[in-house]
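What follows is target.txt (compact mmCIF, N, CA, C and O atoms).
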```txt
# COMPACT_ATOMS: atom_id res chain seq x y z
N MET M 1 110.69 123.93 81.43
CA MET M 1 110.91 124.33 82.80
C MET M 1 110.96 123.12 83.73
O MET M 1 110.96 123.25 84.92
N LYS M 2 111.03 121.92 83.17
CA LYS M 2 111.08 120.73 84.00
C LYS M 2 112.33 120.69 84.87
O LYS M 2 112.29 120.20 85.99
N ALA M 3 113.44 121.18 84.35
CA ALA M 3 114.69 121.18 85.13
C ALA M 3 114.52 122.02 86.39
O ALA M 3 114.89 121.59 87.48
N LYS M 4 113.95 123.20 86.26
CA LYS M 4 113.75 124.07 87.42
C LYS M 4 112.82 123.41 88.44
O LYS M 4 113.07 123.46 89.64
N GLN M 5 111.76 122.77 87.97
CA GLN M 5 110.82 122.11 88.87
C GLN M 5 111.52 120.96 89.63
O GLN M 5 111.31 120.79 90.83
N ALA M 6 112.36 120.21 88.94
CA ALA M 6 113.07 119.10 89.58
C ALA M 6 114.04 119.62 90.63
O ALA M 6 114.14 119.07 91.74
N VAL M 7 114.75 120.70 90.31
CA VAL M 7 115.70 121.28 91.26
C VAL M 7 114.95 121.87 92.45
O VAL M 7 115.35 121.69 93.60
N GLU M 8 113.85 122.56 92.18
CA GLU M 8 113.06 123.15 93.26
C GLU M 8 112.53 122.09 94.23
O GLU M 8 112.44 122.32 95.43
N ALA M 9 112.20 120.91 93.70
CA ALA M 9 111.70 119.82 94.56
C ALA M 9 112.78 119.36 95.54
O ALA M 9 112.47 118.96 96.66
N GLN M 10 114.04 119.44 95.13
CA GLN M 10 115.14 118.98 95.97
C GLN M 10 115.69 120.07 96.89
O GLN M 10 116.09 119.80 98.01
N CYS M 11 115.76 121.28 96.37
CA CYS M 11 116.32 122.39 97.17
C CYS M 11 115.60 123.69 96.81
O CYS M 11 116.09 124.49 96.02
N PRO M 12 114.42 123.88 97.38
CA PRO M 12 113.59 125.04 97.04
C PRO M 12 114.25 126.38 97.34
O PRO M 12 114.87 126.56 98.38
N GLY M 13 114.15 127.28 96.35
CA GLY M 13 114.62 128.64 96.54
C GLY M 13 116.13 128.82 96.55
O GLY M 13 116.61 129.89 96.93
N ILE M 14 116.88 127.81 96.15
CA ILE M 14 118.34 127.90 96.24
C ILE M 14 119.00 128.08 94.87
O ILE M 14 119.87 128.91 94.70
N VAL M 15 118.58 127.31 93.88
CA VAL M 15 119.23 127.33 92.57
C VAL M 15 118.37 128.14 91.59
O VAL M 15 117.19 127.89 91.44
N SER M 16 119.02 129.09 90.92
CA SER M 16 118.30 129.96 89.99
C SER M 16 118.19 129.34 88.61
O SER M 16 118.97 128.45 88.24
N CYS M 17 117.24 129.83 87.84
CA CYS M 17 117.13 129.42 86.43
C CYS M 17 118.39 129.82 85.69
O CYS M 17 118.86 129.10 84.80
N ALA M 18 118.97 130.96 86.05
CA ALA M 18 120.20 131.43 85.40
C ALA M 18 121.34 130.43 85.61
O ALA M 18 122.10 130.14 84.68
N ASP M 19 121.48 129.89 86.81
CA ASP M 19 122.52 128.87 87.06
C ASP M 19 122.23 127.59 86.29
O ASP M 19 123.15 126.97 85.74
N ILE M 20 120.98 127.18 86.23
CA ILE M 20 120.62 125.97 85.48
C ILE M 20 120.99 126.15 84.01
O ILE M 20 121.58 125.25 83.40
N LEU M 21 120.70 127.30 83.44
CA LEU M 21 121.04 127.57 82.04
C LEU M 21 122.55 127.59 81.83
O LEU M 21 123.06 127.07 80.83
N ALA M 22 123.29 128.17 82.76
CA ALA M 22 124.75 128.22 82.64
C ALA M 22 125.34 126.80 82.68
O ALA M 22 126.23 126.46 81.89
N LEU M 23 124.84 125.97 83.57
CA LEU M 23 125.31 124.58 83.65
C LEU M 23 124.93 123.79 82.40
O LEU M 23 125.74 123.02 81.87
N ALA M 24 123.71 124.00 81.92
CA ALA M 24 123.27 123.29 80.71
C ALA M 24 124.10 123.70 79.51
O ALA M 24 124.48 122.86 78.68
N ALA M 25 124.42 124.99 79.40
CA ALA M 25 125.24 125.47 78.28
C ALA M 25 126.62 124.83 78.34
O ALA M 25 127.16 124.39 77.31
N ARG M 26 127.21 124.77 79.52
CA ARG M 26 128.52 124.12 79.68
C ARG M 26 128.43 122.66 79.26
O ARG M 26 129.29 122.14 78.52
N ASP M 27 127.39 121.96 79.69
CA ASP M 27 127.25 120.54 79.37
C ASP M 27 127.07 120.30 77.87
O ASP M 27 127.60 119.34 77.32
N VAL M 28 126.34 121.19 77.19
CA VAL M 28 126.17 121.06 75.74
C VAL M 28 127.52 121.23 75.04
O VAL M 28 127.83 120.51 74.09
N ILE M 29 128.32 122.17 75.50
CA ILE M 29 129.65 122.36 74.92
C ILE M 29 130.49 121.10 75.07
O ILE M 29 131.15 120.65 74.13
N VAL M 30 130.44 120.49 76.25
CA VAL M 30 131.20 119.25 76.49
C VAL M 30 130.67 118.12 75.61
O VAL M 30 131.45 117.40 74.97
N ILE M 31 129.35 117.98 75.53
CA ILE M 31 128.74 116.91 74.73
C ILE M 31 129.12 117.03 73.26
O ILE M 31 129.29 116.03 72.57
N THR M 32 129.27 118.27 72.77
CA THR M 32 129.60 118.47 71.36
C THR M 32 131.11 118.44 71.10
O THR M 32 131.57 118.80 70.02
N GLY M 33 131.88 118.00 72.10
CA GLY M 33 133.31 117.84 71.90
C GLY M 33 134.16 118.99 72.38
O GLY M 33 135.38 118.96 72.23
N GLY M 34 133.55 119.98 72.97
CA GLY M 34 134.31 121.13 73.48
C GLY M 34 134.88 120.83 74.86
O GLY M 34 134.64 119.76 75.43
N PRO M 35 135.62 121.77 75.38
CA PRO M 35 136.25 121.56 76.68
C PRO M 35 135.27 121.68 77.84
O PRO M 35 134.27 122.38 77.75
N SER M 36 135.57 121.01 78.92
CA SER M 36 134.80 121.17 80.15
C SER M 36 135.41 122.32 80.93
O SER M 36 136.60 122.61 80.81
N PHE M 37 134.62 123.01 81.69
CA PHE M 37 135.13 124.12 82.48
C PHE M 37 134.24 124.30 83.70
O PHE M 37 133.09 123.87 83.73
N ARG M 38 134.80 124.92 84.72
CA ARG M 38 134.09 125.19 85.96
C ARG M 38 133.09 126.33 85.72
O ARG M 38 133.43 127.32 85.08
N VAL M 39 131.89 126.18 86.21
CA VAL M 39 130.87 127.22 86.09
C VAL M 39 130.71 127.89 87.45
O VAL M 39 130.45 127.22 88.45
N GLU M 40 130.91 129.18 87.46
CA GLU M 40 130.68 129.95 88.69
C GLU M 40 129.18 130.00 88.94
O GLU M 40 128.41 130.36 88.06
N LEU M 41 128.76 129.62 90.11
CA LEU M 41 127.34 129.61 90.45
C LEU M 41 127.00 130.77 91.38
O LEU M 41 127.88 131.42 91.93
N GLY M 42 125.73 131.02 91.54
CA GLY M 42 125.29 132.09 92.44
C GLY M 42 124.54 133.21 91.73
O GLY M 42 124.29 134.26 92.31
N ARG M 43 124.18 132.97 90.47
CA ARG M 43 123.40 133.97 89.75
C ARG M 43 122.01 134.09 90.37
O ARG M 43 121.48 133.12 90.88
N ARG M 44 121.44 135.25 90.26
CA ARG M 44 120.08 135.46 90.74
C ARG M 44 119.17 135.69 89.56
O ARG M 44 119.56 136.34 88.59
N ASP M 45 117.99 135.14 89.63
CA ASP M 45 117.00 135.39 88.59
C ASP M 45 116.45 136.80 88.77
O ASP M 45 116.26 137.26 89.89
N GLY M 46 116.16 137.46 87.66
CA GLY M 46 115.54 138.77 87.72
C GLY M 46 114.09 138.65 88.16
O GLY M 46 113.46 137.60 88.01
N LEU M 47 113.56 139.71 88.68
CA LEU M 47 112.17 139.73 89.11
C LEU M 47 111.26 140.16 87.97
O LEU M 47 110.06 139.92 88.01
N VAL M 48 111.84 140.83 86.96
CA VAL M 48 111.07 141.32 85.83
C VAL M 48 111.84 141.02 84.55
O VAL M 48 113.04 141.21 84.50
N SER M 49 111.14 140.53 83.55
CA SER M 49 111.76 140.25 82.26
C SER M 49 110.82 140.75 81.17
O SER M 49 109.73 140.22 81.01
N LYS M 50 111.26 141.79 80.45
CA LYS M 50 110.43 142.38 79.41
C LYS M 50 111.22 142.47 78.11
O LYS M 50 112.34 142.96 78.10
N ALA M 51 110.63 141.99 77.04
CA ALA M 51 111.27 142.07 75.73
C ALA M 51 111.56 143.52 75.35
O ALA M 51 112.57 143.81 74.70
N SER M 52 110.72 144.43 75.79
CA SER M 52 110.90 145.84 75.45
C SER M 52 112.17 146.43 76.07
O SER M 52 112.68 147.45 75.61
N SER M 53 112.72 145.78 77.09
CA SER M 53 113.95 146.25 77.73
C SER M 53 115.19 145.86 76.95
O SER M 53 116.28 146.35 77.21
N VAL M 54 115.04 144.95 75.99
CA VAL M 54 116.19 144.43 75.26
C VAL M 54 116.66 145.38 74.17
O VAL M 54 117.86 145.60 73.99
N ALA M 55 115.73 145.96 73.45
CA ALA M 55 116.08 146.84 72.32
C ALA M 55 117.04 147.93 72.77
O ALA M 55 116.80 148.65 73.73
N GLY M 56 118.16 148.04 72.06
CA GLY M 56 119.15 149.06 72.38
C GLY M 56 120.13 148.66 73.46
O GLY M 56 121.07 149.40 73.74
N ASN M 57 119.93 147.51 74.07
CA ASN M 57 120.82 147.07 75.14
C ASN M 57 121.61 145.81 74.80
O ASN M 57 122.56 145.48 75.50
N LEU M 58 121.21 145.13 73.75
CA LEU M 58 121.93 143.95 73.26
C LEU M 58 122.20 144.13 71.78
O LEU M 58 121.40 144.72 71.07
N PRO M 59 123.33 143.59 71.31
CA PRO M 59 123.63 143.73 69.88
C PRO M 59 122.65 142.94 69.01
O PRO M 59 122.20 141.86 69.38
N GLU M 60 122.34 143.52 67.87
CA GLU M 60 121.48 142.87 66.88
C GLU M 60 122.34 142.00 65.97
O GLU M 60 123.52 142.31 65.77
N PRO M 61 121.80 140.95 65.38
CA PRO M 61 122.58 140.10 64.48
C PRO M 61 123.13 140.86 63.27
O PRO M 61 124.15 140.47 62.72
N SER M 62 122.48 141.94 62.90
CA SER M 62 122.89 142.70 61.71
C SER M 62 123.91 143.80 62.02
O SER M 62 124.35 144.51 61.11
N PHE M 63 124.33 143.96 63.27
CA PHE M 63 125.25 145.03 63.64
C PHE M 63 126.59 144.88 62.93
O PHE M 63 127.14 143.78 62.83
N ASN M 64 127.15 146.01 62.49
CA ASN M 64 128.51 146.01 61.95
C ASN M 64 129.48 146.27 63.10
O ASN M 64 129.06 146.46 64.25
N LEU M 65 130.77 146.29 62.80
CA LEU M 65 131.78 146.43 63.85
C LEU M 65 131.62 147.73 64.64
O LEU M 65 131.70 147.72 65.87
N THR M 66 131.36 148.82 63.95
CA THR M 66 131.20 150.10 64.63
C THR M 66 130.03 150.06 65.62
O THR M 66 130.13 150.54 66.75
N GLN M 67 128.92 149.46 65.20
CA GLN M 67 127.74 149.36 66.06
C GLN M 67 128.02 148.43 67.25
O GLN M 67 127.60 148.70 68.37
N LEU M 68 128.74 147.34 67.00
CA LEU M 68 129.08 146.41 68.08
C LEU M 68 129.96 147.09 69.13
O LEU M 68 129.71 146.99 70.33
N VAL M 69 130.99 147.78 68.66
CA VAL M 69 131.89 148.48 69.59
C VAL M 69 131.10 149.50 70.41
O VAL M 69 131.28 149.61 71.62
N ALA M 70 130.19 150.22 69.77
CA ALA M 70 129.41 151.25 70.46
C ALA M 70 128.51 150.65 71.55
O ALA M 70 128.45 151.18 72.66
N ILE M 71 127.83 149.55 71.23
CA ILE M 71 126.91 149.00 72.23
C ILE M 71 127.66 148.35 73.40
O ILE M 71 127.25 148.43 74.54
N PHE M 72 128.80 147.74 73.11
CA PHE M 72 129.60 147.18 74.20
C PHE M 72 130.18 148.30 75.04
O PHE M 72 130.21 148.22 76.27
N SER M 73 130.64 149.37 74.41
CA SER M 73 131.17 150.52 75.12
C SER M 73 130.10 151.15 76.02
O SER M 73 130.38 151.55 77.15
N LYS M 74 128.87 151.21 75.52
CA LYS M 74 127.73 151.74 76.29
C LYS M 74 127.56 150.96 77.60
O LYS M 74 127.11 151.50 78.60
N ASN M 75 127.94 149.69 77.57
CA ASN M 75 127.83 148.83 78.75
C ASN M 75 129.16 148.68 79.48
O ASN M 75 129.38 147.72 80.22
N ASN M 76 130.07 149.65 79.26
CA ASN M 76 131.38 149.68 79.90
C ASN M 76 132.23 148.44 79.62
O ASN M 76 132.96 147.97 80.49
N LEU M 77 132.12 147.92 78.40
CA LEU M 77 132.90 146.76 77.99
C LEU M 77 133.84 147.17 76.85
O LEU M 77 133.49 147.98 76.01
N THR M 78 135.04 146.60 76.85
CA THR M 78 136.05 146.91 75.84
C THR M 78 135.90 146.01 74.62
O THR M 78 135.12 145.06 74.63
N GLN M 79 136.71 146.29 73.59
CA GLN M 79 136.74 145.42 72.43
C GLN M 79 137.24 144.03 72.83
O GLN M 79 136.75 143.03 72.31
N PHE M 80 138.17 143.96 73.76
CA PHE M 80 138.65 142.67 74.28
C PHE M 80 137.49 141.90 74.92
O PHE M 80 137.32 140.71 74.69
N ASP M 81 136.68 142.59 75.73
CA ASP M 81 135.51 141.97 76.35
C ASP M 81 134.55 141.46 75.28
O ASP M 81 134.01 140.36 75.39
N MET M 82 134.34 142.28 74.24
CA MET M 82 133.43 141.91 73.16
C MET M 82 133.89 140.62 72.48
O MET M 82 133.09 139.72 72.24
N ILE M 83 135.17 140.53 72.20
CA ILE M 83 135.72 139.34 71.54
C ILE M 83 135.59 138.12 72.45
O ILE M 83 135.17 137.04 72.01
N ALA M 84 135.90 138.28 73.73
CA ALA M 84 135.80 137.16 74.67
C ALA M 84 134.35 136.68 74.80
O ALA M 84 134.09 135.47 74.77
N LEU M 85 133.43 137.62 74.94
CA LEU M 85 132.02 137.23 75.06
C LEU M 85 131.49 136.61 73.78
O LEU M 85 130.71 135.66 73.81
N SER M 86 131.90 137.13 72.64
CA SER M 86 131.47 136.55 71.36
C SER M 86 131.98 135.13 71.21
O SER M 86 131.24 134.24 70.79
N GLY M 87 133.21 134.90 71.57
CA GLY M 87 133.78 133.55 71.52
C GLY M 87 133.08 132.62 72.48
O GLY M 87 132.83 131.45 72.17
N ALA M 88 132.75 133.13 73.65
CA ALA M 88 132.08 132.29 74.65
C ALA M 88 130.67 131.92 74.24
O ALA M 88 130.12 130.94 74.72
N HIS M 89 130.08 132.70 73.35
CA HIS M 89 128.73 132.42 72.89
C HIS M 89 128.71 131.69 71.54
O HIS M 89 127.69 131.61 70.88
N THR M 90 129.86 131.17 71.16
CA THR M 90 129.97 130.46 69.88
C THR M 90 130.45 129.04 70.14
O THR M 90 131.46 128.84 70.78
N SER M 91 129.71 128.08 69.66
CA SER M 91 130.12 126.68 69.80
C SER M 91 130.06 126.05 68.43
O SER M 91 128.99 125.82 67.88
N ALA M 92 131.21 125.79 67.86
CA ALA M 92 131.26 125.16 66.53
C ALA M 92 131.90 123.79 66.67
O ALA M 92 132.83 123.59 67.42
N HIS M 93 131.37 122.86 65.92
CA HIS M 93 131.91 121.50 66.01
C HIS M 93 132.11 120.95 64.61
O HIS M 93 131.34 121.10 63.74
```
Would you kindly transcribe this structure into structure tokens?
Amino acid sequence: MKAKQAVEAQCPGIVSCADILALAARDVIVITGGPSFRVELGRRDGLVSKASSVAGNLPEPSFNLTQLVAIFSKNNLTQFDMIALSGAHTSAH
């Protein structure tokens, strides 16, 4: 959490942990030889974070295609969205 503390010291209450993570993820992709891209900022941190809220709302690593399509559909996302998000969460070098 050192990054958040450093940012808070410079501009308190302005930059969220979610934005810091998005920027860090982009930078890791660039460092590993991937493309650079603009990161949309303005995410808000949640006020509550509970592991118990995750079950049934995010895909499990063991999900098959039918299960993946169902959980994305439950969140109003298409198969196209699923493929785009899966690709965006994959960094191979």
| message | To one decimal place in Å, what is the distance between atom CA of M:Asp19 and atom CA of M:Ser52? | response |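 Taking atom CA of M:Asp19 as the start and atom CA of M:Ser52 as the end point, the length is 23.6 Å.
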| said: Using only C-alpha atoms, can you tell me which of M:Ile20, M:Arg38, M:Asp45, M:Ser86 comes closest to M:Pro59? | reply: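 Going through M:Ile20, M:Arg38, M:Asp45, M:Ser86 one by one, the smallest distance to M:Pro59 is for M:Ser86.
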| message | I'd like the contact shell of stretch 79-84 of chain M - 9 Å cut-off, only C-alpha atoms, skipping same-chain residues fewer than 6 positions apart - returned as a PyMOL selection string. | response | chain M and resi 68-69+72-73
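Atom pair atom CA of M:Gly13 / atom CA of M:Asp27: separated by 22.8 Å.
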| request: Kindly give the distance, in Å, that separates atom CA of M:Arg44 and atom CA of M:Ser16, rounded to a single decimal. | output: 5.8 Å
| message | DSSP on the backbone: which residues in chain M end up as helix (DSSP H, G or I)? Give the answer as a PyMOL selection string. | response | chain M and resi 2-10+17-31+51-53+65-74+79-88
